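Following: one structure in C-alpha cells, then a few remarks.
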Amino acid sequence: MSTPPMGPTSPPPRPSLPADGQGPSPSPQPVRLCDSPALEERGLAHGFDLLLWGQPARAFVLRFDGRVVGYVNRCAHVPVEMDWQPGRFLDLERRWIICSIHGAAYEPADGLCVGGPCRGRRLIALQLDEREGGVYWYPSRDLRPAGPPPSAAVAGTSEKP
Ligand code: FES
C-alpha cells in the first residue's frame, strides 16, 4: 500500500448540534467519556456504547497527534466493528486506523478511508471536546447515548463528590 500524502489535519471538531427535523431540539448534554490521561498518544482507544439511528452500536475515542478523535466503530465497507483486539485500532506503525476484517486503512485525523475496499468513504465521526481533564462527546440527532442521561444532566444529582 502506498503511503498517502501527509496533509494538514482537520480542525478540531466543534460541538455544533444539528436540528432534529422536528423543530428546535434541546441542546443535548455532553457526555464525559473518560479522563484525558486515559488516552495515551496513539495508544489504546476508549470504547463505549451508543445508539446510531436508534440502534445499538459501539464507538471509540483515541489520541492521535495530541488531539482526541472518535468514530463509530463501524467499517465503511461492511458495518462491522473494526478493532483487532479490544481498543486496538491502529496498525503496527500506529499511523492508520485499520479494519481487522479486510484491512481498510483510515486517516485517524478525519476518518477518511485511504486504502482498501472502501477507499474514499469515511467513518462516522463523533463531536468531541477535551477540557478540564476530560474527554466529552456531544450527542446529535443520529448519535445518542445508549443509556440514561448522565447523572449530571438530571436535576438534583451530580457525579462530583
Ligand atoms: S469490513 Fe472493514 S474492510 Fe471490509
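Residue numbering restarts at 1 for every chain of the C-alpha cells, chains are lettered A, B, ... in their displayed order, and ligands are numbered from 1 as they appear.
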Checklist entry - Quick one: residues within 7 Å of Leu33 in chain A, only C-alpha atoms counted, chain neighbours fewer than 6 positions away excluded, as a count of residues only? => result 3
Report as JSON lines the residues of chain A within 10 Å of ligand 1, each with its shortest atom pair and distance in Å (one decimal), using only C-alpha atoms and all ligand atoms, ordered by chain and increasing residue number.
```
{"residue": "A:Arg74", "atom": "CA", "partner": "ligand 1", "partner_atom_place_in_ligand_line": "2 (Fe)", "distance": 7.9}
{"residue": "A:Cys75", "atom": "CA", "partner": "ligand 1", "partner_atom_place_in_ligand_line": "2 (Fe)", "distance": 4.7}
{"residue": "A:Ala76", "atom": "CA", "partner": "ligand 1", "partner_atom_place_in_ligand_line": "2 (Fe)", "distance": 6.6}
{"residue": "A:His77", "atom": "CA", "partner": "ligand 1", "partner_atom_place_in_ligand_line": "4 (Fe)", "distance": 4.8}
{"residue": "A:Val78", "atom": "CA", "partner": "ligand 1", "partner_atom_place_in_ligand_line": "1 (S)", "distance": 4.2}
{"residue": "A:Pro79", "atom": "CA", "partner": "ligand 1", "partner_atom_place_in_ligand_line": "1 (S)", "distance": 6.6}
{"residue": "A:Val80", "atom": "CA", "partner": "ligand 1", "partner_atom_place_in_ligand_line": "1 (S)", "distance": 5.9}
{"residue": "A:Glu81", "atom": "CA", "partner": "ligand 1", "partner_atom_place_in_ligand_line": "1 (S)", "distance": 7.8}
{"residue": "A:Met82", "atom": "CA", "partner": "ligand 1", "partner_atom_place_in_ligand_line": "2 (Fe)", "distance": 6.3}
{"residue": "A:Asp83", "atom": "CA", "partner": "ligand 1", "partner_atom_place_in_ligand_line": "2 (Fe)", "distance": 9.7}
{"residue": "A:Ile98", "atom": "CA", "partner": "ligand 1", "partner_atom_place_in_ligand_line": "2 (Fe)", "distance": 8.0}
{"residue": "A:Cys99", "atom": "CA", "partner": "ligand 1", "partner_atom_place_in_ligand_line": "2 (Fe)", "distance": 4.7}
{"residue": "A:Ser100", "atom": "CA", "partner": "ligand 1", "partner_atom_place_in_ligand_line": "2 (Fe)", "distance": 6.5}
{"residue": "A:Ile101", "atom": "CA", "partner": "ligand 1", "partner_atom_place_in_ligand_line": "1 (S)", "distance": 4.9}
{"residue": "A:His102", "atom": "CA", "partner": "ligand 1", "partner_atom_place_in_ligand_line": "3 (S)", "distance": 3.8}
{"residue": "A:Gly103", "atom": "CA", "partner": "ligand 1", "partner_atom_place_in_ligand_line": "3 (S)", "distance": 5.0}
{"residue": "A:Ala104", "atom": "CA", "partner": "ligand 1", "partner_atom_place_in_ligand_line": "3 (S)", "distance": 4.3}
{"residue": "A:Ala105", "atom": "CA", "partner": "ligand 1", "partner_atom_place_in_ligand_line": "3 (S)", "distance": 7.9}
{"residue": "A:Tyr106", "atom": "CA", "partner": "ligand 1", "partner_atom_place_in_ligand_line": "3 (S)", "distance": 9.9}
{"residue": "A:Cys113", "atom": "CA", "partner": "ligand 1", "partner_atom_place_in_ligand_line": "3 (S)", "distance": 9.5}
{"residue": "A:Gly115", "atom": "CA", "partner": "ligand 1", "partner_atom_place_in_ligand_line": "3 (S)", "distance": 9.1}
{"residue": "A:Gly116", "atom": "CA", "partner": "ligand 1", "partner_atom_place_in_ligand_line": "3 (S)", "distance": 6.3}
{"residue": "A:Pro117", "atom": "CA", "partner": "ligand 1", "partner_atom_place_in_ligand_line": "3 (S)", "distance": 5.9}
{"residue": "A:Cys118", "atom": "CA", "partner": "ligand 1", "partner_atom_place_in_ligand_line": "3 (S)", "distance": 6.8}
{"residue": "A:Arg119", "atom": "CA", "partner": "ligand 1", "partner_atom_place_in_ligand_line": "3 (S)", "distance": 9.4}
```
Written file, previous selection with C-alpha atoms, as a PDB file, in the first residue's frame:
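Dumped everything to selection.pdb:
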```pdb
ATOM      1  CA  ARG A  74     -18.290   0.558  12.144  1.00  0.00           C
ATOM      2  CA  CYS A  75     -16.307  -0.005   8.999  1.00  0.00           C
ATOM      3  CA  ALA A  76     -17.390   1.905   5.889  1.00  0.00           C
ATOM      4  CA  HIS A  77     -17.037  -1.300   3.853  1.00  0.00           C
ATOM      5  CA  VAL A  78     -19.236  -3.684   5.836  1.00  0.00           C
ATOM      6  CA  PRO A  79     -20.941  -2.436   9.021  1.00  0.00           C
ATOM      7  CA  VAL A  80     -18.851  -4.445  11.465  1.00  0.00           C
ATOM      8  CA  GLU A  81     -16.610  -3.464  14.343  1.00  0.00           C
ATOM      9  CA  MET A  82     -13.035  -2.900  13.285  1.00  0.00           C
ATOM     10  CA  ASP A  83     -10.689  -3.363  16.232  1.00  0.00           C
ATOM     11  CA  ILE A  98      -7.090  -0.390  10.342  1.00  0.00           C
ATOM     12  CA  CYS A  99     -10.169  -2.530   9.937  1.00  0.00           C
ATOM     13  CA  SER A 100      -9.324  -6.028  11.109  1.00  0.00           C
ATOM     14  CA  ILE A 101     -11.688  -7.689   8.637  1.00  0.00           C
ATOM     15  CA  HIS A 102     -10.341  -6.726   5.202  1.00  0.00           C
ATOM     16  CA  GLY A 103      -7.664  -4.202   6.088  1.00  0.00           C
ATOM     17  CA  ALA A 104      -9.209  -0.882   5.130  1.00  0.00           C
ATOM     18  CA  ALA A 105      -6.925   1.957   6.267  1.00  0.00           C
ATOM     19  CA  TYR A 106      -8.420   5.157   7.625  1.00  0.00           C
ATOM     20  CA  CYS A 113     -10.552   5.655   4.097  1.00  0.00           C
ATOM     21  CA  GLY A 115      -6.812   2.296   1.227  1.00  0.00           C
ATOM     22  CA  GLY A 116      -8.847  -0.854   0.917  1.00  0.00           C
ATOM     23  CA  PRO A 117     -12.288  -1.761  -0.360  1.00  0.00           C
ATOM     24  CA  CYS A 118     -13.991   1.409   0.867  1.00  0.00           C
ATOM     25  CA  ARG A 119     -11.402   3.943  -0.271  1.00  0.00           C
TER      26      ARG A 119
END
```
Next on the checklist: Residues near range 51-63 of chain A, anyone? I mean within 9 Å using only C-alpha atoms, not counting same-chain ones fewer than 4 positions away, as a VMD selection string.
Outcome noted: chain A and resid 33 39 to 47 67 to 74 81 87 89 108 126 128 135 141 to 147
Residues from the last selection, N, CA and C atoms, saved as a short mmCIF file (atom, residue, chain, number, x, y, z; two decimals), in the first residue's frame:
```cif
data_model
loop_
_atom_site.label_atom_id
_atom_site.label_comp_id
_atom_site.auth_asym_id
_atom_site.auth_seq_id
_atom_site.Cartn_x
_atom_site.Cartn_y
_atom_site.Cartn_z
N LEU A 33 -16.65 10.97 28.65
CA LEU A 33 -16.29 9.61 28.26
C LEU A 33 -15.17 9.03 29.11
N LEU A 39 -6.13 8.46 27.64
CA LEU A 39 -5.85 8.30 26.21
C LEU A 39 -4.41 8.71 25.94
N GLU A 40 -3.55 7.71 25.84
CA GLU A 40 -2.16 7.98 25.51
C GLU A 40 -2.02 8.20 24.00
N GLU A 41 -1.01 8.95 23.63
CA GLU A 41 -0.76 9.23 22.22
C GLU A 41 -0.65 7.91 21.43
N ARG A 42 -1.55 7.77 20.46
CA ARG A 42 -1.59 6.58 19.60
C ARG A 42 -1.65 5.28 20.39
N GLY A 43 -2.32 5.36 21.52
CA GLY A 43 -2.43 4.18 22.37
C GLY A 43 -3.79 3.52 22.24
N LEU A 44 -4.15 2.80 23.28
CA LEU A 44 -5.43 2.11 23.29
C LEU A 44 -6.57 3.10 23.21
N ALA A 45 -7.62 2.72 22.53
CA ALA A 45 -8.82 3.54 22.45
C ALA A 45 -9.73 3.27 23.64
N HIS A 46 -10.56 4.23 23.92
CA HIS A 46 -11.64 4.05 24.90
C HIS A 46 -12.93 3.78 24.12
N GLY A 47 -13.54 2.65 24.37
CA GLY A 47 -14.76 2.29 23.67
C GLY A 47 -15.99 2.48 24.54
N ARG A 67 -4.41 15.17 19.58
CA ARG A 67 -5.83 15.50 19.56
C ARG A 67 -6.66 14.25 19.76
N VAL A 68 -7.77 14.39 20.47
CA VAL A 68 -8.68 13.26 20.64
C VAL A 68 -9.62 13.21 19.44
N VAL A 69 -9.66 12.05 18.80
CA VAL A 69 -10.59 11.82 17.70
C VAL A 69 -11.47 10.65 18.06
N GLY A 70 -12.64 10.59 17.46
CA GLY A 70 -13.54 9.50 17.80
C GLY A 70 -14.50 9.18 16.66
N TYR A 71 -14.86 7.92 16.57
CA TYR A 71 -15.71 7.45 15.48
C TYR A 71 -16.61 6.33 15.97
N VAL A 72 -17.67 6.14 15.25
CA VAL A 72 -18.47 4.93 15.45
C VAL A 72 -17.61 3.76 15.00
N ASN A 73 -17.62 2.71 15.79
CA ASN A 73 -16.81 1.52 15.47
C ASN A 73 -17.56 0.68 14.44
N ARG A 74 -17.54 1.19 13.23
CA ARG A 74 -18.29 0.56 12.14
C ARG A 74 -17.56 0.84 10.84
N GLU A 81 -17.61 -4.11 13.50
CA GLU A 81 -16.61 -3.46 14.34
C GLU A 81 -15.22 -3.76 13.80
N GLY A 87 -10.06 -2.24 21.80
CA GLY A 87 -9.35 -0.97 21.96
C GLY A 87 -8.17 -0.77 21.04
N PHE A 89 -7.02 -0.21 17.43
CA PHE A 89 -7.49 0.17 16.10
C PHE A 89 -6.34 0.53 15.16
N PRO A 108 -6.58 8.67 10.75
CA PRO A 108 -7.14 8.92 12.09
C PRO A 108 -7.66 10.34 12.29
N LEU A 126 -17.44 11.48 15.64
CA LEU A 126 -18.10 11.98 16.85
C LEU A 126 -17.70 13.44 17.06
N LEU A 128 -16.52 15.95 19.57
CA LEU A 128 -15.80 15.78 20.83
C LEU A 128 -15.24 17.10 21.32
N VAL A 135 -12.59 14.05 28.49
CA VAL A 135 -13.00 13.95 27.09
C VAL A 135 -14.52 13.86 27.06
N ARG A 141 -28.45 14.30 16.48
CA ARG A 141 -29.69 13.67 16.03
C ARG A 141 -29.49 12.18 15.76
N ASP A 142 -28.37 11.84 15.15
CA ASP A 142 -28.13 10.45 14.75
C ASP A 142 -27.42 9.61 15.79
N LEU A 143 -26.66 10.26 16.62
CA LEU A 143 -25.84 9.55 17.61
C LEU A 143 -26.30 9.96 19.00
N ARG A 144 -26.87 9.00 19.71
CA ARG A 144 -27.45 9.28 21.02
C ARG A 144 -26.81 8.39 22.07
N PRO A 145 -26.85 8.83 23.31
CA PRO A 145 -26.35 7.97 24.38
C PRO A 145 -27.17 6.68 24.45
N ALA A 146 -26.49 5.59 24.80
CA ALA A 146 -27.17 4.30 24.86
C ALA A 146 -27.97 4.14 26.14
N GLY A 147 -27.51 4.78 27.19
CA GLY A 147 -28.17 4.59 28.47
C GLY A 147 -28.94 5.82 28.88
#
```
Next on the checklist: Quick check for you: according to DSSP on this backbone, which residues of range 7-139 of chain A are classed as strand (DSSP E)? Reply as a ChimeraX atom specification.
Outcome noted: /A:31-35,46-52,55-64,67-72,97-98,105-106,113-115,127-131,134-138
Requested write-out: C-alpha atoms of the selected residues, as a short mmCIF file (atom, residue, chain, number, x, y, z; two decimals), in the first residue's frame:
```cif
data_model
loop_
_atom_site.label_atom_id
_atom_site.label_comp_id
_atom_site.auth_asym_id
_atom_site.auth_seq_id
_atom_site.Cartn_x
_atom_site.Cartn_y
_atom_site.Cartn_z
CA VAL A 31 -21.25 13.01 27.91
CA ARG A 32 -17.97 12.66 29.75
CA LEU A 33 -16.29 9.61 28.26
CA CYS A 34 -13.02 9.33 30.15
CA ASP A 35 -10.23 11.27 31.78
CA HIS A 46 -11.64 4.05 24.90
CA GLY A 47 -14.76 2.29 23.67
CA PHE A 48 -18.34 2.89 24.65
CA ASP A 49 -21.91 2.10 23.65
CA LEU A 50 -24.24 4.47 21.87
CA LEU A 51 -27.27 4.47 19.62
CA LEU A 52 -26.70 5.01 15.91
CA GLN A 55 -29.77 1.03 17.02
CA PRO A 56 -27.11 -0.14 19.49
CA ALA A 57 -23.58 0.40 18.29
CA ARG A 58 -20.09 0.90 19.61
CA ALA A 59 -17.84 3.90 19.30
CA PHE A 60 -14.31 4.76 20.29
CA VAL A 61 -12.04 7.67 21.01
CA LEU A 62 -8.26 7.73 20.80
CA ARG A 63 -5.50 10.28 20.84
CA PHE A 64 -3.65 10.99 17.60
CA ARG A 67 -5.83 15.50 19.56
CA VAL A 68 -8.68 13.26 20.64
CA VAL A 69 -10.59 11.82 17.70
CA GLY A 70 -13.54 9.50 17.80
CA TYR A 71 -15.71 7.45 15.48
CA VAL A 72 -18.47 4.93 15.45
CA ILE A 97 -6.84 3.09 11.81
CA ILE A 98 -7.09 -0.39 10.34
CA ALA A 105 -6.92 1.96 6.27
CA TYR A 106 -8.42 5.16 7.63
CA CYS A 113 -10.55 5.65 4.10
CA VAL A 114 -7.27 5.94 2.18
CA GLY A 115 -6.81 2.30 1.23
CA GLN A 127 -18.32 15.57 18.03
CA LEU A 128 -15.80 15.78 20.83
CA ASP A 129 -14.28 18.26 23.19
CA GLU A 130 -11.41 17.90 25.59
CA ARG A 131 -11.40 20.20 28.56
CA GLY A 134 -11.78 15.09 30.49
CA VAL A 135 -13.00 13.95 27.09
CA TYR A 136 -16.59 14.86 26.24
CA TRP A 137 -18.87 13.63 23.49
CA TYR A 138 -21.73 15.75 22.15
#
```
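You will find CA of Asp91 in chain A at 27.2 Å from CA of Gly133 in chain A.
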Checklist entry - In Å, how far is it from CA of Glu107 in chain A to CA of Gly66 in chain A? => result 14.6 Å
